[in-house]
Every structure is written in structure tokens, then in C-alpha cells.
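**Student:** You'll find protein22.txt just under this line, and it carries compact mmCIF, N, CA and C atoms.
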# COMPACT_ATOMS: atom_id res chain seq x y z
N MET W 90 160.82 78.22 146.40
CA MET W 90 159.78 78.85 147.20
C MET W 90 160.30 80.17 147.73
N ALA W 91 159.60 81.24 147.42
CA ALA W 91 160.01 82.57 147.88
C ALA W 91 159.63 82.76 149.34
N THR W 92 160.56 83.27 150.09
CA THR W 92 160.29 83.57 151.49
C THR W 92 160.19 85.08 151.63
N THR W 93 159.14 85.53 152.28
CA THR W 93 158.95 86.96 152.47
C THR W 93 158.79 87.26 153.94
N THR W 94 159.15 88.47 154.31
CA THR W 94 158.99 88.89 155.70
C THR W 94 157.57 89.39 155.92
N THR W 95 157.21 89.54 157.16
CA THR W 95 155.90 90.09 157.50
C THR W 95 155.74 91.48 156.90
N GLU W 96 156.80 92.28 156.95
CA GLU W 96 156.75 93.64 156.40
C GLU W 96 156.55 93.61 154.89
N GLU W 97 157.23 92.70 154.20
CA GLU W 97 157.06 92.58 152.75
C GLU W 97 155.64 92.12 152.40
N ASN W 98 155.12 91.19 153.19
CA ASN W 98 153.75 90.73 152.97
C ASN W 98 152.75 91.87 153.14
N GLU W 99 152.97 92.69 154.18
CA GLU W 99 152.07 93.82 154.42
C GLU W 99 152.12 94.79 153.25
N GLN W 100 153.31 95.09 152.75
CA GLN W 100 153.43 96.02 151.62
C GLN W 100 152.80 95.45 150.36
N LEU W 101 152.98 94.16 150.13
CA LEU W 101 152.38 93.49 148.98
C LEU W 101 150.86 93.62 149.00
N ALA W 102 150.26 93.35 150.17
CA ALA W 102 148.81 93.45 150.30
C ALA W 102 148.33 94.89 150.16
N ARG W 103 149.03 95.83 150.77
CA ARG W 103 148.66 97.26 150.65
C ARG W 103 148.69 97.71 149.20
N ASP W 104 149.78 97.36 148.50
CA ASP W 104 149.92 97.77 147.10
C ASP W 104 148.79 97.19 146.24
N HIS W 105 148.53 95.90 146.42
CA HIS W 105 147.46 95.25 145.66
C HIS W 105 146.12 95.93 145.95
N PHE W 106 145.82 96.10 147.21
CA PHE W 106 144.56 96.70 147.65
C PHE W 106 144.35 98.07 147.00
N THR W 107 145.37 98.91 147.06
CA THR W 107 145.28 100.27 146.52
C THR W 107 145.17 100.26 145.00
N ARG W 108 146.03 99.50 144.34
CA ARG W 108 146.03 99.49 142.88
C ARG W 108 144.73 98.94 142.31
N VAL W 109 144.27 97.83 142.87
CA VAL W 109 143.07 97.19 142.33
C VAL W 109 141.83 98.03 142.57
N TRP W 110 141.59 98.41 143.82
CA TRP W 110 140.34 99.10 144.14
C TRP W 110 140.34 100.56 143.71
N ASN W 111 141.43 101.27 143.91
CA ASN W 111 141.43 102.71 143.63
C ASN W 111 141.78 103.05 142.19
N HIS W 112 142.43 102.12 141.49
CA HIS W 112 142.87 102.41 140.13
C HIS W 112 142.44 101.36 139.11
N GLY W 113 141.88 100.24 139.56
CA GLY W 113 141.46 99.18 138.65
C GLY W 113 142.62 98.49 137.96
N GLU W 114 143.80 98.52 138.56
CA GLU W 114 145.01 97.95 137.97
C GLU W 114 145.27 96.54 138.48
N PHE W 115 145.12 95.55 137.61
CA PHE W 115 145.42 94.17 137.98
C PHE W 115 146.79 93.74 137.49
N ASP W 116 147.26 94.29 136.39
CA ASP W 116 148.50 93.84 135.78
C ASP W 116 149.71 94.05 136.68
N THR W 117 149.64 95.02 137.56
CA THR W 117 150.78 95.30 138.43
C THR W 117 150.71 94.52 139.74
N ALA W 118 149.59 93.87 140.01
CA ALA W 118 149.43 93.12 141.25
C ALA W 118 150.13 91.77 141.15
N VAL W 119 150.66 91.33 142.27
CA VAL W 119 151.34 90.04 142.33
C VAL W 119 150.37 89.02 142.92
N LEU W 120 149.87 88.15 142.04
CA LEU W 120 148.90 87.14 142.45
C LEU W 120 149.38 85.76 142.03
N THR W 121 149.03 84.75 142.81
CA THR W 121 149.34 83.39 142.40
C THR W 121 148.40 82.99 141.27
N ASP W 122 148.78 81.95 140.52
CA ASP W 122 147.97 81.52 139.38
C ASP W 122 146.56 81.09 139.78
N ASP W 123 146.43 80.55 140.99
CA ASP W 123 145.12 80.07 141.44
C ASP W 123 144.49 80.99 142.48
N PHE W 124 144.82 82.28 142.40
CA PHE W 124 144.27 83.29 143.32
C PHE W 124 142.76 83.19 143.38
N GLN W 125 142.21 83.25 144.60
CA GLN W 125 140.76 83.22 144.80
C GLN W 125 140.35 84.30 145.78
N VAL W 126 139.14 84.80 145.59
CA VAL W 126 138.55 85.78 146.50
C VAL W 126 137.29 85.16 147.09
N HIS W 127 137.18 85.23 148.41
CA HIS W 127 136.00 84.71 149.11
C HIS W 127 135.23 85.90 149.69
N THR W 128 133.93 85.90 149.49
CA THR W 128 133.10 86.98 150.02
C THR W 128 131.72 86.44 150.36
N HIS W 129 131.05 87.12 151.25
CA HIS W 129 129.70 86.71 151.63
C HIS W 129 128.73 87.86 151.41
N SER W 130 129.06 88.75 150.50
CA SER W 130 128.23 89.95 150.34
C SER W 130 127.71 90.13 148.93
N GLY W 131 127.28 89.05 148.31
CA GLY W 131 126.75 89.23 146.98
C GLY W 131 126.13 87.98 146.40
N GLY W 132 125.97 86.94 147.19
CA GLY W 132 125.35 85.72 146.71
C GLY W 132 126.33 84.77 146.05
N HIS W 133 127.54 85.20 145.81
CA HIS W 133 128.57 84.38 145.18
C HIS W 133 129.71 84.30 146.18
N ASP W 134 130.06 83.11 146.62
CA ASP W 134 131.03 83.00 147.71
C ASP W 134 132.49 83.04 147.28
N THR W 135 132.85 82.43 146.16
CA THR W 135 134.25 82.36 145.75
C THR W 135 134.39 82.79 144.29
N TYR W 136 135.38 83.64 144.03
CA TYR W 136 135.63 84.14 142.70
C TYR W 136 137.03 83.75 142.24
N THR W 137 137.16 83.39 140.96
CA THR W 137 138.47 83.24 140.36
C THR W 137 138.99 84.64 140.03
N LEU W 138 140.23 84.73 139.59
CA LEU W 138 140.80 86.03 139.25
C LEU W 138 139.99 86.72 138.15
N ASP W 139 139.65 85.99 137.10
CA ASP W 139 138.89 86.61 136.01
C ASP W 139 137.52 87.09 136.47
N GLU W 140 136.85 86.30 137.31
CA GLU W 140 135.55 86.72 137.85
C GLU W 140 135.70 87.95 138.73
N PHE W 141 136.77 87.99 139.51
CA PHE W 141 136.98 89.12 140.40
C PHE W 141 137.31 90.39 139.62
N ARG W 142 138.02 90.26 138.52
CA ARG W 142 138.28 91.43 137.66
C ARG W 142 136.95 92.06 137.22
N GLU W 143 135.98 91.20 136.88
CA GLU W 143 134.67 91.69 136.46
C GLU W 143 133.95 92.39 137.61
N VAL W 144 134.07 91.85 138.82
CA VAL W 144 133.46 92.48 140.00
C VAL W 144 134.03 93.88 140.20
N ILE W 145 135.35 94.00 140.09
CA ILE W 145 136.01 95.31 140.25
C ILE W 145 135.55 96.27 139.16
N ALA W 146 135.50 95.80 137.93
CA ALA W 146 135.07 96.65 136.82
C ALA W 146 133.64 97.15 137.04
N GLN W 147 132.76 96.26 137.49
CA GLN W 147 131.37 96.66 137.76
C GLN W 147 131.30 97.67 138.91
N ALA W 148 132.07 97.43 139.96
CA ALA W 148 132.08 98.36 141.10
C ALA W 148 132.56 99.74 140.66
N ARG W 149 133.62 99.78 139.86
CA ARG W 149 134.18 101.05 139.43
C ARG W 149 133.27 101.75 138.41
N GLU W 150 132.46 100.98 137.69
CA GLU W 150 131.48 101.57 136.77
C GLU W 150 130.31 102.16 137.57
N SER W 151 129.89 101.45 138.60
CA SER W 151 128.78 101.92 139.46
C SER W 151 129.17 103.14 140.26
N ILE W 152 130.41 103.12 140.75
CA ILE W 152 130.92 104.19 141.62
C ILE W 152 132.26 104.64 141.05
N PRO W 153 132.25 105.49 140.03
CA PRO W 153 133.48 105.87 139.32
C PRO W 153 134.55 106.50 140.21
N ASP W 154 134.14 107.20 141.27
CA ASP W 154 135.12 107.83 142.16
C ASP W 154 135.40 106.95 143.39
N LEU W 155 135.19 105.66 143.25
CA LEU W 155 135.39 104.71 144.34
C LEU W 155 136.80 104.81 144.91
N ARG W 156 136.87 104.89 146.23
CA ARG W 156 138.15 104.90 146.95
C ARG W 156 138.02 103.96 148.13
N LYS W 157 139.03 103.15 148.33
CA LYS W 157 139.13 102.32 149.53
C LYS W 157 140.42 102.71 150.22
N GLU W 158 140.29 103.27 151.40
CA GLU W 158 141.44 103.73 152.16
C GLU W 158 141.65 102.86 153.38
N PRO W 159 142.86 102.32 153.55
CA PRO W 159 143.14 101.52 154.75
C PRO W 159 143.07 102.37 156.01
N ASP W 160 142.32 101.90 156.99
CA ASP W 160 142.26 102.55 158.30
C ASP W 160 143.24 101.91 159.27
N ASP W 161 143.42 100.61 159.13
CA ASP W 161 144.32 99.87 160.01
C ASP W 161 144.81 98.64 159.24
N VAL W 162 146.08 98.33 159.36
CA VAL W 162 146.67 97.18 158.69
C VAL W 162 147.53 96.44 159.69
N PHE W 163 147.37 95.12 159.74
CA PHE W 163 148.28 94.33 160.57
C PHE W 163 148.58 93.02 159.88
N ALA W 164 149.78 92.54 160.10
CA ALA W 164 150.25 91.33 159.43
C ALA W 164 150.88 90.38 160.43
N THR W 165 150.74 89.10 160.14
CA THR W 165 151.38 88.05 160.92
C THR W 165 151.62 86.85 160.02
N ASP W 166 152.82 86.36 160.03
CA ASP W 166 153.19 85.21 159.20
C ASP W 166 152.72 85.41 157.76
N ASP W 167 151.78 84.57 157.29
CA ASP W 167 151.35 84.63 155.89
C ASP W 167 150.00 85.34 155.71
N ARG W 168 149.55 86.09 156.71
CA ARG W 168 148.25 86.78 156.63
C ARG W 168 148.42 88.29 156.83
N VAL W 169 147.64 89.05 156.07
CA VAL W 169 147.59 90.50 156.23
C VAL W 169 146.12 90.90 156.27
N THR W 170 145.76 91.70 157.26
CA THR W 170 144.39 92.18 157.41
C THR W 170 144.35 93.69 157.23
N ILE W 171 143.42 94.15 156.41
CA ILE W 171 143.24 95.58 156.16
C ILE W 171 141.81 95.95 156.54
N GLN W 172 141.68 96.80 157.54
CA GLN W 172 140.38 97.39 157.87
C GLN W 172 140.32 98.68 157.07
N TYR W 173 139.24 98.88 156.32
CA TYR W 173 139.20 100.01 155.39
C TYR W 173 137.86 100.74 155.42
N THR W 174 137.86 101.92 154.80
CA THR W 174 136.65 102.67 154.54
C THR W 174 136.56 102.89 153.03
N MET W 175 135.42 102.52 152.46
CA MET W 175 135.17 102.73 151.04
C MET W 175 134.23 103.92 150.89
N THR W 176 134.57 104.84 149.99
CA THR W 176 133.72 105.99 149.72
C THR W 176 133.53 106.15 148.21
N GLY W 177 132.47 106.84 147.85
CA GLY W 177 132.23 107.13 146.45
C GLY W 177 130.80 107.56 146.21
N THR W 178 130.53 107.96 144.98
CA THR W 178 129.21 108.43 144.58
C THR W 178 128.62 107.44 143.59
N GLN W 179 127.41 106.97 143.87
CA GLN W 179 126.77 105.98 143.02
C GLN W 179 126.22 106.65 141.77
N GLU W 180 126.89 106.41 140.63
CA GLU W 180 126.46 107.00 139.36
C GLU W 180 125.97 105.95 138.38
N GLY W 181 126.10 104.67 138.74
CA GLY W 181 125.61 103.58 137.91
C GLY W 181 124.90 102.58 138.80
N GLU W 182 124.31 101.56 138.18
CA GLU W 182 123.61 100.54 138.97
C GLU W 182 124.58 99.88 139.95
N PHE W 183 124.15 99.74 141.20
CA PHE W 183 124.99 99.17 142.26
C PHE W 183 124.17 98.12 143.00
N LYS W 184 124.58 96.86 142.89
CA LYS W 184 123.89 95.77 143.58
C LYS W 184 122.39 95.79 143.28
N GLY W 185 122.04 96.07 142.03
CA GLY W 185 120.64 96.09 141.61
C GLY W 185 119.92 97.40 141.85
N VAL W 186 120.61 98.39 142.42
CA VAL W 186 119.98 99.68 142.72
C VAL W 186 120.31 100.67 141.59
N PRO W 187 119.28 101.27 140.97
CA PRO W 187 119.53 102.25 139.92
C PRO W 187 120.34 103.43 140.46
N PRO W 188 121.02 104.18 139.59
CA PRO W 188 121.83 105.32 140.04
C PRO W 188 121.02 106.29 140.89
N THR W 189 121.63 106.73 141.99
CA THR W 189 120.97 107.68 142.89
C THR W 189 121.71 109.00 142.99
N GLY W 190 122.99 109.01 142.64
CA GLY W 190 123.80 110.20 142.83
C GLY W 190 124.21 110.41 144.28
N GLU W 191 123.85 109.46 145.14
CA GLU W 191 124.18 109.56 146.56
C GLU W 191 125.61 109.10 146.84
N GLU W 192 126.20 109.73 147.85
CA GLU W 192 127.52 109.29 148.31
C GLU W 192 127.35 108.17 149.32
N VAL W 193 128.28 107.23 149.28
CA VAL W 193 128.27 106.14 150.25
C VAL W 193 129.60 106.10 150.98
N GLU W 194 129.53 105.62 152.21
CA GLU W 194 130.72 105.38 153.02
C GLU W 194 130.50 104.05 153.71
N ILE W 195 131.33 103.08 153.37
CA ILE W 195 131.14 101.71 153.84
C ILE W 195 132.41 101.23 154.54
N ALA W 196 132.24 100.59 155.68
CA ALA W 196 133.37 99.98 156.38
C ALA W 196 133.53 98.54 155.90
N GLY W 197 134.76 98.06 155.89
CA GLY W 197 135.00 96.69 155.48
C GLY W 197 136.33 96.16 155.97
N VAL W 198 136.52 94.86 155.74
CA VAL W 198 137.76 94.19 156.12
C VAL W 198 138.19 93.28 154.97
N ALA W 199 139.47 93.32 154.65
CA ALA W 199 140.06 92.42 153.65
C ALA W 199 141.17 91.65 154.34
N ILE W 200 141.16 90.34 154.17
CA ILE W 200 142.23 89.49 154.72
C ILE W 200 142.90 88.81 153.54
N TYR W 201 144.22 88.87 153.50
CA TYR W 201 144.99 88.26 152.42
C TYR W 201 145.87 87.15 152.97
N ARG W 202 146.00 86.07 152.18
CA ARG W 202 146.96 85.00 152.49
C ARG W 202 148.04 85.03 151.42
N ILE W 203 149.29 85.08 151.89
CA ILE W 203 150.43 85.16 150.99
C ILE W 203 151.07 83.78 150.89
N GLU W 204 151.41 83.39 149.67
CA GLU W 204 152.06 82.10 149.42
C GLU W 204 153.12 82.29 148.34
N ASP W 205 154.31 81.83 148.60
CA ASP W 205 155.41 81.93 147.63
C ASP W 205 155.61 83.35 147.10
N GLY W 206 155.47 84.34 147.97
CA GLY W 206 155.71 85.72 147.58
C GLY W 206 154.58 86.38 146.82
N GLY W 207 153.44 85.71 146.70
CA GLY W 207 152.30 86.28 145.99
C GLY W 207 151.02 86.15 146.79
N LEU W 208 150.03 86.91 146.41
CA LEU W 208 148.72 86.83 147.07
C LEU W 208 147.99 85.61 146.53
N ALA W 209 147.62 84.70 147.44
CA ALA W 209 146.98 83.45 147.05
C ALA W 209 145.47 83.48 147.27
N GLU W 210 145.04 84.12 148.35
CA GLU W 210 143.62 84.18 148.68
C GLU W 210 143.29 85.51 149.34
N SER W 211 142.02 85.88 149.21
CA SER W 211 141.53 87.09 149.87
C SER W 211 140.12 86.81 150.37
N TRP W 212 139.83 87.32 151.56
CA TRP W 212 138.48 87.25 152.13
C TRP W 212 138.01 88.68 152.31
N LEU W 213 136.84 89.00 151.80
CA LEU W 213 136.32 90.36 151.86
C LEU W 213 134.96 90.39 152.54
N VAL W 214 134.80 91.32 153.46
CA VAL W 214 133.51 91.54 154.12
C VAL W 214 133.30 93.04 154.18
N ALA W 215 132.11 93.50 153.75
CA ALA W 215 131.80 94.93 153.78
C ALA W 215 130.37 95.13 154.27
N ASP W 216 130.12 96.28 154.84
CA ASP W 216 128.82 96.61 155.40
C ASP W 216 127.90 97.18 154.31
N PHE W 217 127.41 96.28 153.44
CA PHE W 217 126.55 96.72 152.35
C PHE W 217 125.16 97.11 152.83
N LEU W 218 124.74 96.66 154.01
CA LEU W 218 123.47 97.12 154.57
C LEU W 218 123.53 98.63 154.80
N ARG W 219 124.66 99.09 155.32
CA ARG W 219 124.84 100.53 155.53
C ARG W 219 124.75 101.28 154.20
N ALA W 220 125.36 100.70 153.16
CA ALA W 220 125.30 101.33 151.84
C ALA W 220 123.86 101.42 151.35
N MET W 221 123.09 100.36 151.53
CA MET W 221 121.69 100.37 151.10
C MET W 221 120.88 101.42 151.86
N LYS W 222 121.21 101.62 153.13
CA LYS W 222 120.55 102.68 153.90
C LYS W 222 120.93 104.05 153.35
N GLN W 223 122.21 104.24 153.03
CA GLN W 223 122.67 105.53 152.51
C GLN W 223 122.08 105.83 151.14
N LEU W 224 121.80 104.78 150.36
CA LEU W 224 121.21 104.96 149.03
C LEU W 224 119.69 105.08 149.09
N GLY W 225 119.12 104.95 150.29
CA GLY W 225 117.68 105.10 150.46
C GLY W 225 116.88 103.86 150.11
N VAL W 226 117.55 102.73 149.94
CA VAL W 226 116.87 101.48 149.59
C VAL W 226 116.29 100.81 150.82
N VAL W 227 116.99 100.93 151.94
CA VAL W 227 116.57 100.34 153.21
C VAL W 227 116.39 101.48 154.20
N GLU W 228 115.31 101.44 154.93
CA GLU W 228 115.05 102.46 155.94
C GLU W 228 115.97 102.25 157.14
N PRO W 229 116.60 103.33 157.61
CA PRO W 229 117.42 103.20 158.83
C PRO W 229 116.54 102.78 160.00
N SER W 230 117.05 101.90 160.83
CA SER W 230 116.28 101.48 162.00
C SER W 230 116.45 102.50 163.11
N GLU W 231 115.44 102.58 163.95
CA GLU W 231 115.52 103.47 165.11
C GLU W 231 116.29 102.75 166.20
N GLU W 232 117.18 103.45 166.83
CA GLU W 232 117.98 102.83 167.89
C GLU W 232 117.70 103.47 169.21
Translate this file's structure into C-alpha cells.

**Tutor:**
Amino acid sequence: MATTTTEENEQLARDHFTRVWNHGEFDTAVLTDDFQVHTHSGGHDTYTLDEFREVIAQARESIPDLRKEPDDVFATDDRVTIQYTMTGTQEGEFKGVPPTGEEVEIAGVAIYRIEDGGLAESWLVADFLRAMKQLGVVEPSEE
């Protein structure tokens, strides 16, 4: 069983986050064999690694200049949390919305669980309602 420090866990999660989302690179990421992603923003709650690869490919096809930049990162024991901002221009279908050419900026949070020196689970939450408003699909509410 590999033992890692909090700092190593944080770096592992940062590297994975950046490589996967900003470059579409899965081969360099350190994941456990049964890695799972949990999300509540698309009708599908849990993804296997292969399913998640497809999600990333679709996202990068919809928003080719997609960038997710960490705003804040903190780690404790076997968990790492990344608060991030996602930006990009919608040039392909995104969540059922035809291409608009509009730029989006979405806030989100990713939580990773590390096991035996690898990423075992991830929980993702993003403000897709804000994205739909930016794409003109949903009318902004008056506040």
C-alpha cells in the first residue's frame, strides 16, 4: 500500500485536473483501476473511467478552447478539493444546445479521494445554470 503525504496528494490531483481538462490527457493521469466520477449535473450520477473519457472528449469537442483553472486548492488526509473556473467558447453542441459562439465562464468544485497513491474517486459540481444563461438558453432572473 503506497503512502502519500497531503502535499503529494494535492499535486497528484492538480496534475490530473490540469492534464485531463485542459489537454484531454488521460494516459499520464494516475488513477486506480476502479476509478469513478460522481456528478449531479447531467442526469448521470456515476461514471466509470471509460465513460468519463467520453464526457471529457465531448466537452472538449463542444468547447475546443476549454480551460479549467484552479482558484483554490486544499487537501487533508486522503481528500483534495479544487475550486475552479471553467472558461471557453461554445463551438459545438453543449448539453443539447446548438453552437452559439458564445463564451462561457462557469464556477465549479472537484473533490478527489486518493487511495494507494492514485485517484480513486472524484465528485464534480459545476454551475451549468449560469452557462445556460450565458448561452442565451435560460433568461437571467431579475435580482

**Student:** Can you work out the spacing between atom N of W:Gly113 and atom C of W:Met221 in Å, to one decimal?

**Tutor:**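 Taking atom N of W:Gly113 and atom C of W:Met221, their separation equals 24.4 Å.
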
**Student:** For each of W:Ile200, W:Ile152, W:Ala164, W:Leu208, take the minimum atom-to-atom distance to W:Leu120, counting only N, CA and C atoms, then give the residue where this is smallest.

**Tutor:**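 The answer is W:Leu208, which sits nearest to W:Leu120.
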
**Student:** Env of W:Gly197: 6.5 Å cut, atoms = only N, CA and C atoms, seq-sep filter 5 positions within chain, self excluded. Answer as a JSON list (two decimals) with N, CA and C atoms, in the coordinates of the input.

**Tutor:**
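To be explicit, this is the file written out as selection.json:
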[["chain", "number", "residue", "atom", "x", "y", "z"],
["W", 171, "ILE", "N", 143.42, 94.15, 156.41],
["W", 171, "ILE", "CA", 143.24, 95.58, 156.16],
["W", 171, "ILE", "C", 141.81, 95.95, 156.54],
["W", 172, "GLN", "N", 141.68, 96.80, 157.54],
["W", 172, "GLN", "CA", 140.38, 97.39, 157.87],
["W", 172, "GLN", "C", 140.32, 98.68, 157.07],
["W", 173, "TYR", "N", 139.24, 98.88, 156.32],
["W", 173, "TYR", "CA", 139.20, 100.01, 155.39],
["W", 173, "TYR", "C", 137.86, 100.74, 155.42],
["W", 174, "THR", "N", 137.86, 101.92, 154.80],
["W", 174, "THR", "CA", 136.65, 102.67, 154.54],
["W", 174, "THR", "C", 136.56, 102.89, 153.03],
["W", 175, "MET", "N", 135.42, 102.52, 152.46],
["W", 175, "MET", "CA", 135.17, 102.73, 151.04],
["W", 175, "MET", "C", 134.23, 103.92, 150.89],
["W", 214, "VAL", "N", 134.80, 91.32, 153.46],
["W", 214, "VAL", "CA", 133.51, 91.54, 154.12],
["W", 214, "VAL", "C", 133.30, 93.04, 154.18],
["W", 215, "ALA", "N", 132.11, 93.50, 153.75],
["W", 215, "ALA", "CA", 131.80, 94.93, 153.78],
["W", 215, "ALA", "C", 130.37, 95.13, 154.27],
["W", 216, "ASP", "N", 130.12, 96.28, 154.84],
["W", 216, "ASP", "CA", 128.82, 96.61, 155.40],
["W", 216, "ASP", "C", 127.90, 97.18, 154.31]]

**Student:** Could you write out, as a ChimeraX atom specification, all the residues of chain W that DSSP marks as strand (DSSP E)?

**Tutor:** /W:120-128,135-137,156-165,168-178,192-204,207-215

**Student:** Expressed in Å to a single decimal, how great is the separation between atom CA of W:Arg156 and atom C of W:Glu192?

**Tutor:**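 Between atom CA of W:Arg156 and atom C of W:Glu192 the gap is 11.5 Å.
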
**Student:** Please indicate the distance in Å from atom CA of W:Lys157 to atom N of W:Thr176, rounded to one decimal place.

**Tutor:**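 Computing it gives 5.2 Å between the two atoms.
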
**Student:** So, with only N, CA and C atoms as the atoms that count, which of W:Thr165, W:Gly177, W:Val226, W:Leu213 lies closest to W:Asn98?

**Tutor:** W:Thr165

**Student:** Find the residues around W:Lys184 up to 12 Å (only C-alpha atoms counted), leave out those fewer than 6 positions away in its own chain, and share them as a PyMOL selection string.

**Tutor:** chain W and resi 130-132+144+147-148+150-152+217-218+220-221+224+226

**Student:** Between W:Val198, W:Arg219, W:Gly225, W:Gly207, single out the one closest to W:Asp122, counting all atoms listed in the file.

**Tutor:**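 Going through W:Val198, W:Arg219, W:Gly225, W:Gly207 one by one, the smallest distance to W:Asp122 is for W:Gly207.
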
**Student:** Which is closer to W:Val119 than all the others in W:Asp104, W:Asp139, W:Glu96, W:Asp160, using all atoms listed in the file?

**Tutor:**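 Checking each of W:Asp104, W:Asp139, W:Glu96, W:Asp160 against W:Val119, counting all atoms listed in the file, the winner is W:Asp104.
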
**Student:** Run DSSP on the backbone and give me the residues of chain W it puts in helix (DSSP H, G or I), as a PyMOL selection string.

**Tutor:** chain W and resi 95-112+138-151+217-223

**Student:** Store the residues of this selection in a file with N, CA and C atoms, as a short mmCIF file (atom, residue, chain, number, x, y, z; two decimals), in the coordinates of the input.

**Tutor:**
data_model
loop_
_atom_site.label_atom_id
_atom_site.label_comp_id
_atom_site.auth_asym_id
_atom_site.auth_seq_id
_atom_site.Cartn_x
_atom_site.Cartn_y
_atom_site.Cartn_z
N THR W 95 157.21 89.54 157.16
CA THR W 95 155.90 90.09 157.50
C THR W 95 155.74 91.48 156.90
N GLU W 96 156.80 92.28 156.95
CA GLU W 96 156.75 93.64 156.40
C GLU W 96 156.55 93.61 154.89
N GLU W 97 157.23 92.70 154.20
CA GLU W 97 157.06 92.58 152.75
C GLU W 97 155.64 92.12 152.40
N ASN W 98 155.12 91.19 153.19
CA ASN W 98 153.75 90.73 152.97
C ASN W 98 152.75 91.87 153.14
N GLU W 99 152.97 92.69 154.18
CA GLU W 99 152.07 93.82 154.42
C GLU W 99 152.12 94.79 153.25
N GLN W 100 153.31 95.09 152.75
CA GLN W 100 153.43 96.02 151.62
C GLN W 100 152.80 95.45 150.36
N LEU W 101 152.98 94.16 150.13
CA LEU W 101 152.38 93.49 148.98
C LEU W 101 150.86 93.62 149.00
N ALA W 102 150.26 93.35 150.17
CA ALA W 102 148.81 93.45 150.30
C ALA W 102 148.33 94.89 150.16
N ARG W 103 149.03 95.83 150.77
CA ARG W 103 148.66 97.26 150.65
C ARG W 103 148.69 97.71 149.20
N ASP W 104 149.78 97.36 148.50
CA ASP W 104 149.92 97.77 147.10
C ASP W 104 148.79 97.19 146.24
N HIS W 105 148.53 95.90 146.42
CA HIS W 105 147.46 95.25 145.66
C HIS W 105 146.12 95.93 145.95
N PHE W 106 145.82 96.10 147.21
CA PHE W 106 144.56 96.70 147.65
C PHE W 106 144.35 98.07 147.00
N THR W 107 145.37 98.91 147.06
CA THR W 107 145.28 100.27 146.52
C THR W 107 145.17 100.26 145.00
N ARG W 108 146.03 99.50 144.34
CA ARG W 108 146.03 99.49 142.88
C ARG W 108 144.73 98.94 142.31
N VAL W 109 144.27 97.83 142.87
CA VAL W 109 143.07 97.19 142.33
C VAL W 109 141.83 98.03 142.57
N TRP W 110 141.59 98.41 143.82
CA TRP W 110 140.34 99.10 144.14
C TRP W 110 140.34 100.56 143.71
N ASN W 111 141.43 101.27 143.91
CA ASN W 111 141.43 102.71 143.63
C ASN W 111 141.78 103.05 142.19
N HIS W 112 142.43 102.12 141.49
CA HIS W 112 142.87 102.41 140.13
C HIS W 112 142.44 101.36 139.11
N LEU W 138 140.23 84.73 139.59
CA LEU W 138 140.80 86.03 139.25
C LEU W 138 139.99 86.72 138.15
N ASP W 139 139.65 85.99 137.10
CA ASP W 139 138.89 86.61 136.01
C ASP W 139 137.52 87.09 136.47
N GLU W 140 136.85 86.30 137.31
CA GLU W 140 135.55 86.72 137.85
C GLU W 140 135.70 87.95 138.73
N PHE W 141 136.77 87.99 139.51
CA PHE W 141 136.98 89.12 140.40
C PHE W 141 137.31 90.39 139.62
N ARG W 142 138.02 90.26 138.52
CA ARG W 142 138.28 91.43 137.66
C ARG W 142 136.95 92.06 137.22
N GLU W 143 135.98 91.20 136.88
CA GLU W 143 134.67 91.69 136.46
C GLU W 143 133.95 92.39 137.61
N VAL W 144 134.07 91.85 138.82
CA VAL W 144 133.46 92.48 140.00
C VAL W 144 134.03 93.88 140.20
N ILE W 145 135.35 94.00 140.09
CA ILE W 145 136.01 95.31 140.25
C ILE W 145 135.55 96.27 139.16
N ALA W 146 135.50 95.80 137.93
CA ALA W 146 135.07 96.65 136.82
C ALA W 146 133.64 97.15 137.04
N GLN W 147 132.76 96.26 137.49
CA GLN W 147 131.37 96.66 137.76
C GLN W 147 131.30 97.67 138.91
N ALA W 148 132.07 97.43 139.96
CA ALA W 148 132.08 98.36 141.10
C ALA W 148 132.56 99.74 140.66
N ARG W 149 133.62 99.78 139.86
CA ARG W 149 134.18 101.05 139.43
C ARG W 149 133.27 101.75 138.41
N GLU W 150 132.46 100.98 137.69
CA GLU W 150 131.48 101.57 136.77
C GLU W 150 130.31 102.16 137.57
N SER W 151 129.89 101.45 138.60
CA SER W 151 128.78 101.92 139.46
C SER W 151 129.17 103.14 140.26
N PHE W 217 127.41 96.28 153.44
CA PHE W 217 126.55 96.72 152.35
C PHE W 217 125.16 97.11 152.83
N LEU W 218 124.74 96.66 154.01
CA LEU W 218 123.47 97.12 154.57
C LEU W 218 123.53 98.63 154.80
N ARG W 219 124.66 99.09 155.32
CA ARG W 219 124.84 100.53 155.53
C ARG W 219 124.75 101.28 154.20
N ALA W 220 125.36 100.70 153.16
CA ALA W 220 125.30 101.33 151.84
C ALA W 220 123.86 101.42 151.35
N MET W 221 123.09 100.36 151.53
CA MET W 221 121.69 100.37 151.10
C MET W 221 120.88 101.42 151.86
N LYS W 222 121.21 101.62 153.13
CA LYS W 222 120.55 102.68 153.90
C LYS W 222 120.93 104.05 153.35
N GLN W 223 122.21 104.24 153.03
CA GLN W 223 122.67 105.53 152.51
C GLN W 223 122.08 105.83 151.14
#
